[in-house]
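Have a look at the structure below before the remarks.
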Amino acid sequence: MISQRQLFFRHVGQTSQAPMALEIEKAEGIYLYDVNGKKYIDLVSGVSVSNVGHRHPKVVKAIKEQLDKYMHLMVYGEYIQSPQVKFAKLLTDNLPESLDAVYYVNSGSEAVEGAMKTAKRYTGRHEIAAFKNAYHGSTHGALSLMNDENLTRAFRPLVPSVIFLDFNDISQLNKITEQTAGAVVEMIQAEGGIIPAELQFMKALRKRCDETGTLLIADEIQTGFGRTGKLFAFMHYDIVPDIIAVAKGMGGGMPAGAFIARKEILNSLTHDPALGHITTFGGHPVSAAGATASLEVLLEENLIEDAERKGRIYIEKLLKHPKIKSVRGKGLFLAFEPEEGVSIEKLINKGLEVGFVGDAFLFDDRHFRIAPPLTITDSEIEESINLVIKALDDL
C-alpha cells in the first residue's frame, strides 16, 4: 500500500528538494507527535505562528463556536461580520491611536503587498525603500523587497523603483527622499539571523520618514503578538509606524494576516479606483474568531511580558555551554551561534533525533533559531535547553 510519505512527494508541491518531511499526527502545547508516537519540543512555533501553543483550548473553543454560526459569506469588505469587528476593536484598543483601522488579508506576504500598494496610493509616489538581508515574503511585490540574488534572479523582472539600504546604517537614510512612498523595515531582522534594530537607527528612520512624507511600514509578521516581549516589536523603540503588517502569530494557528494604519490612510484604497485592494478570504470569520481568542490569551495570561523573562533563561543557560559563542534577540525571538565547525544543518537533524524541532535562517548559516510557543513553562524551557545541549554534545 502506498504510504503518506510517497503520496506527499508525488502529489504535494514542494518548496525545496529536501523538505524536513516530518509526518505529524498530533500537536498540543509546545509538543509535536509524529505517526510513531515520538514527541518533539517545537522550538520554531511554525515560524512564529503558534505563539499561544498548539491547539490552545480557548482558541479551539472559539473556532468551534464560530463554525456553528457561519464560515465564508462573501468577499472581504462587503458584509458586517462580528468576528472581524470584534478582533479589529480588541487589537486597535491595544495599539497607538494612529493605528486605528485593520485591513484583513490572508498571509504575511499579502499584508506586505497591501502595505506597499497603500503607501503608493496614499502618497502618489512610486518608490519603496527596503533594507538588505530582510525577508518580507515571496509573492512578486514582497520578493522585490529582497536583495538576495539567489532567491530573486529566477523571477525577474521584479517590481521596479525599490532602493536597498544597509540596516542599522543611519548615514544611508538620506536616500529616502520626497520620491519615496514607503520604507519597509523589520524592527528585528528575522531571516537575517535575529538582528535587532538599534534604537538611534529607528528614531532616525522615523525622523527621516517624517521629513520626507514617507510612510514608515513596520513588518511585524514574525515579531508580532508578543514574540519579543512586547505586543509588537516597534513598542521597544518609542516610535509609531504609519502602517504595520501582521500575520503568523495573529490567528492562533489559523491562517490570518492584516495591514493596520490610520483610517484615513486605508480609505485611500476605497476610491480612484474602488477595490484598490481586494481579497476573497481575508478576515475569514473562523480565522478572526481564532485571532480574537489568541489575542485574549496573550493579554490575559501575561504571556507577552513573561516572554522577556523566559528569553533571559535561554540566554543565561545557553551561554554557559562552551560550544555556544553568543546569543542575541529579544523575548522568545532568539538566535545562538555555536562554535566554529558546528553545522546548523547537522544540529537541526540531530535535534530531530533527540526530540526537538529546530530551524535555520535564510540569510545566516551560522545561527540557530530559538522561538518556542510563548506558553512554554520554565520546566519545559529547562527540558528544551537540555535537549539542545545534548544535540550539540552528540555532534
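Every chain in the C-alpha cells has a letter given in the order shown (A, B, ...), and although residue numbers restart at 1 in each chain, ligands are simply numbered from 1 in the order shown.
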
For A:Leu199, please output as JSON, numbers by chain all residues within 10 Å (counting only C-alpha atoms; exclusion window: fewer than 3 positions along the same chain). {"A": [168, 187, 196, 202, 203, 204, 205, 236, 237, 238, 239]}

For the selection you just gave me, I'd like the residues written to a file as a short mmCIF file (atom, residue, chain, number, x, y, z; two decimals), in the first residue's frame, keeping C-alpha atoms.
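File selection_13.cif, as written:
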data_model
loop_
_atom_site.label_atom_id
_atom_site.label_comp_id
_atom_site.auth_asym_id
_atom_site.auth_seq_id
_atom_site.Cartn_x
_atom_site.Cartn_y
_atom_site.Cartn_z
CA ASN A 168 21.30 50.00 11.15
CA MET A 187 12.43 46.03 13.84
CA PRO A 196 17.60 43.90 16.38
CA MET A 202 14.93 53.53 14.38
CA LYS A 203 14.50 57.05 15.73
CA ALA A 204 16.49 58.45 12.81
CA LEU A 205 14.43 56.40 10.33
CA HIS A 236 10.59 48.65 22.15
CA TYR A 237 11.68 51.76 20.24
CA ASP A 238 9.30 54.52 21.40
CA ILE A 239 8.17 55.22 17.83
#

List every residue of stretch 175-249 of chain A that has an atom at most 8 Å from any atom of stretch 364-382 of chain A, giving for each one its closest atom pair and the distance in Å to one decimal, counting only C-alpha atoms, sorted by chain and then by ascending residue number, as a Markdown table.
| residue | atom | partner | partner_atom | distance |
| --- | --- | --- | --- | --- |
| A:Glu191 | CA | A:Asp364 | CA | 7.1 |
| A:Gly192 | CA | A:Asp364 | CA | 5.6 |
| A:Gly193 | CA | A:Asp364 | CA | 5.5 |
| A:Gly226 | CA | A:Leu374 | CA | 7.8 |
| A:Arg227 | CA | A:Leu374 | CA | 7.1 |

Would you compute the distance between atom CA of A:Leu299 and atom CA of A:His54? Give it in Å to one decimal. 17.3 Å

Could you please write out, as a compact mmCIF listing (two decimals) with C-alpha atoms, in the first residue's frame, every residue of stretch 185-263 of chain A that DSSP assigns to strand (DSSP E)?
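In the end it all went to result00.txt:
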# COMPACT_ATOMS: atom_id res chain seq x y z
CA VAL A 185 11.57 47.64 7.88
CA ILE A 188 14.30 42.76 14.28
CA GLN A 189 15.56 41.20 11.07
CA ILE A 195 19.32 41.18 14.32
CA PRO A 196 17.60 43.90 16.38
CA LEU A 215 5.15 56.21 5.24
CA LEU A 216 7.08 54.05 7.69
CA ILE A 217 5.94 50.43 7.26
CA ALA A 218 6.85 48.01 10.05
CA ASP A 219 6.95 44.35 9.10
CA ILE A 243 1.49 51.03 8.73
CA ILE A 244 2.19 47.68 10.34
CA ALA A 245 1.98 44.35 8.51
CA VAL A 246 1.00 41.36 10.64
CA GLY A 257 -2.97 38.47 8.14
CA ALA A 258 -3.62 42.21 8.10
CA PHE A 259 -2.13 45.60 7.50
CA ILE A 260 -3.03 48.28 10.00
CA ALA A 261 -2.93 52.06 9.68

Just the residues within 12 Å of stretch 28-31 of chain A, please, counting only C-alpha atoms, with nothing from its chain fewer than 6 positions along; format it as a PyMOL selection string. chain A and resi 37-46+49-57+59-60+252-253+355-357+371-377+379-381+383-384

Take the selection from the previous step and output its residues with N, CA and C atoms, as a tab-separated table (two decimals), in the first residue's frame.
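Written out: selection_37.tsv:
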chain	number	residue	atom	x	y	z
A	37	GLY	N	4.50	8.09	17.32
A	37	GLY	CA	4.33	8.46	18.73
A	37	GLY	C	5.50	9.20	19.33
A	38	LYS	N	6.54	9.50	18.54
A	38	LYS	CA	7.68	10.23	19.07
A	38	LYS	C	7.30	11.68	19.32
A	39	LYS	N	7.79	12.22	20.42
A	39	LYS	CA	7.45	13.58	20.85
A	39	LYS	C	8.61	14.53	20.58
A	40	TYR	N	8.29	15.71	20.07
A	40	TYR	CA	9.30	16.73	19.79
A	40	TYR	C	8.88	18.05	20.45
A	41	ILE	N	9.82	18.73	21.09
A	41	ILE	CA	9.58	20.11	21.52
A	41	ILE	C	9.69	21.01	20.29
A	42	ASP	N	8.71	21.86	20.11
A	42	ASP	CA	8.69	22.77	18.96
A	42	ASP	C	9.42	24.06	19.32
A	43	LEU	N	10.65	24.21	18.82
A	43	LEU	CA	11.42	25.43	19.07
A	43	LEU	C	11.30	26.43	17.93
A	44	VAL	N	10.34	26.20	17.03
A	44	VAL	CA	10.16	27.06	15.87
A	44	VAL	C	8.80	27.75	15.89
A	45	SER	N	7.81	27.11	16.53
A	45	SER	CA	6.43	27.62	16.59
A	45	SER	C	5.84	27.82	15.19
A	46	GLY	N	6.17	26.91	14.27
A	46	GLY	CA	5.68	27.08	12.90
A	46	GLY	C	6.17	28.36	12.27
A	49	VAL	N	4.29	31.29	14.50
A	49	VAL	CA	2.83	31.23	14.36
A	49	VAL	C	2.16	30.82	15.67
A	50	SER	N	2.65	29.75	16.27
A	50	SER	CA	1.95	29.16	17.42
A	50	SER	C	2.36	29.84	18.73
A	51	ASN	N	2.16	31.14	18.80
A	51	ASN	CA	2.58	31.90	19.98
A	51	ASN	C	1.85	31.46	21.24
A	52	VAL	N	0.59	31.05	21.12
A	52	VAL	CA	-0.15	30.57	22.29
A	52	VAL	C	-0.15	29.05	22.36
A	53	GLY	N	0.81	28.44	21.69
A	53	GLY	CA	0.92	26.99	21.70
A	53	GLY	C	0.00	26.35	20.67
A	54	HIS	N	0.19	25.07	20.49
A	54	HIS	CA	-0.65	24.32	19.56
A	54	HIS	C	-1.97	23.96	20.22
A	55	ARG	N	-3.05	24.27	19.53
A	55	ARG	CA	-4.40	23.90	19.96
A	55	ARG	C	-4.72	24.44	21.36
A	56	HIS	N	-4.45	25.70	21.59
A	56	HIS	CA	-4.83	26.28	22.89
A	56	HIS	C	-6.34	26.10	23.06
A	57	PRO	N	-6.79	25.59	24.22
A	57	PRO	CA	-8.22	25.27	24.38
A	57	PRO	C	-9.16	26.45	24.13
A	59	VAL	N	-8.66	28.94	22.05
A	59	VAL	CA	-8.69	29.17	20.60
A	59	VAL	C	-9.54	28.11	19.93
A	60	VAL	N	-9.37	26.85	20.31
A	60	VAL	CA	-10.15	25.76	19.74
A	60	VAL	C	-11.64	25.98	20.01
A	252	GLY	N	-3.58	32.45	16.01
A	252	GLY	CA	-3.59	31.36	16.98
A	252	GLY	C	-3.47	29.99	16.35
A	253	GLY	N	-2.93	29.93	15.12
A	253	GLY	CA	-2.80	28.69	14.38
A	253	GLY	C	-3.66	28.67	13.14
A	355	GLY	N	14.86	14.88	19.95
A	355	GLY	CA	13.50	15.23	20.35
A	355	GLY	C	13.13	16.69	20.33
A	356	PHE	N	13.70	17.48	19.41
A	356	PHE	CA	13.21	18.85	19.25
A	356	PHE	C	13.27	19.24	17.78
A	357	VAL	N	12.40	20.19	17.42
A	357	VAL	CA	12.36	20.72	16.06
A	357	VAL	C	13.07	22.06	16.06
A	371	ALA	N	12.67	29.85	19.12
A	371	ALA	CA	11.41	30.60	19.12
A	371	ALA	C	10.25	29.67	19.48
A	372	PRO	N	10.23	29.18	20.72
A	372	PRO	CA	9.16	28.27	21.13
A	372	PRO	C	7.85	29.02	21.36
A	373	PRO	N	6.74	28.31	21.51
A	373	PRO	CA	5.50	28.98	21.90
A	373	PRO	C	5.69	29.78	23.19
A	374	LEU	N	5.01	30.91	23.28
A	374	LEU	CA	5.15	31.76	24.47
A	374	LEU	C	4.57	31.10	25.71
A	375	THR	N	3.79	30.03	25.52
A	375	THR	CA	3.20	29.30	26.64
A	375	THR	C	4.19	28.35	27.30
A	376	ILE	N	5.38	28.23	26.77
A	376	ILE	CA	6.36	27.30	27.34
A	376	ILE	C	6.60	27.63	28.81
A	377	THR	N	6.65	26.60	29.66
A	377	THR	CA	6.87	26.81	31.09
A	377	THR	C	8.37	26.78	31.39
A	379	SER	N	9.93	24.80	33.39
A	379	SER	CA	10.45	23.43	33.37
A	379	SER	C	10.60	22.93	31.92
A	380	GLU	N	9.71	23.35	31.03
A	380	GLU	CA	9.83	22.97	29.62
A	380	GLU	C	11.01	23.68	28.96
A	381	ILE	N	11.30	24.90	29.40
A	381	ILE	CA	12.49	25.59	28.91
A	381	ILE	C	13.74	24.79	29.30
A	383	GLU	N	13.91	21.63	29.92
A	383	GLU	CA	13.90	20.41	29.11
A	383	GLU	C	14.44	20.69	27.71
A	384	SER	N	14.01	21.79	27.11
A	384	SER	CA	14.45	22.10	25.75
A	384	SER	C	15.93	22.45	25.71

Per DSSP on the backbone, filter stretch 152-380 of chain A down to the residues in alpha helix (DSSP H) and report them as JSON, numbers by chain. {"A": [152, 199, 200, 201, 202, 203, 204, 205, 206, 207, 208, 209, 210, 211, 212, 263, 264, 265, 266, 285, 286, 287, 288, 289, 290, 291, 292, 293, 294, 295, 296, 297, 298, 299, 300, 303, 304, 305, 306, 307, 308, 309, 310, 311, 312, 313, 314, 315, 316, 317, 318, 344, 345, 346, 347, 348, 349, 350, 351, 352, 353, 354, 378, 379, 380]}

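Compared by their closest atoms to A:Phe234, and using only C-alpha atoms, the residues A:Ile194, A:Leu95, A:Leu266, A:Val327 rank with A:Leu95 nearest.
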
Using only C-alpha atoms for the distances, tell me which of A:His284, A:Thr214, A:Ser3, A:Leu392 is nearest to A:Glu337. A:Leu392

Could the residues of stretch 100-134 of chain A that have an atom at most 12 Å from stretch 88-94 of chain A be listed as a Markdown table, each with its closest atom pair and the distance in Å to one decimal, counting only C-alpha atoms and ordered by chain and ascending residue number?
| residue | atom | partner | partner_atom | distance |
| --- | --- | --- | --- | --- |
| A:Asp100 | CA | A:Thr92 | CA | 5.3 |
| A:Ala101 | CA | A:Thr92 | CA | 7.0 |
| A:Val102 | CA | A:Ala88 | CA | 6.0 |
| A:Tyr103 | CA | A:Ala88 | CA | 8.9 |
| A:Tyr104 | CA | A:Ala88 | CA | 9.2 |

Within 8 Å of A:Gln66, counting only C-alpha atoms, which residues qualify if same-chain residues fewer than 6 places away don't, as a PDB file with C-alpha atoms, in the first residue's frame?
ATOM      1  CA  PRO A 285     -14.726  34.546  10.231  1.00  0.00           C
ATOM      2  CA  VAL A 286     -13.222  31.348  11.645  1.00  0.00           C
ATOM      3  CA  ALA A 289     -12.539  34.149  15.880  1.00  0.00           C
TER       4      ALA A 289
END
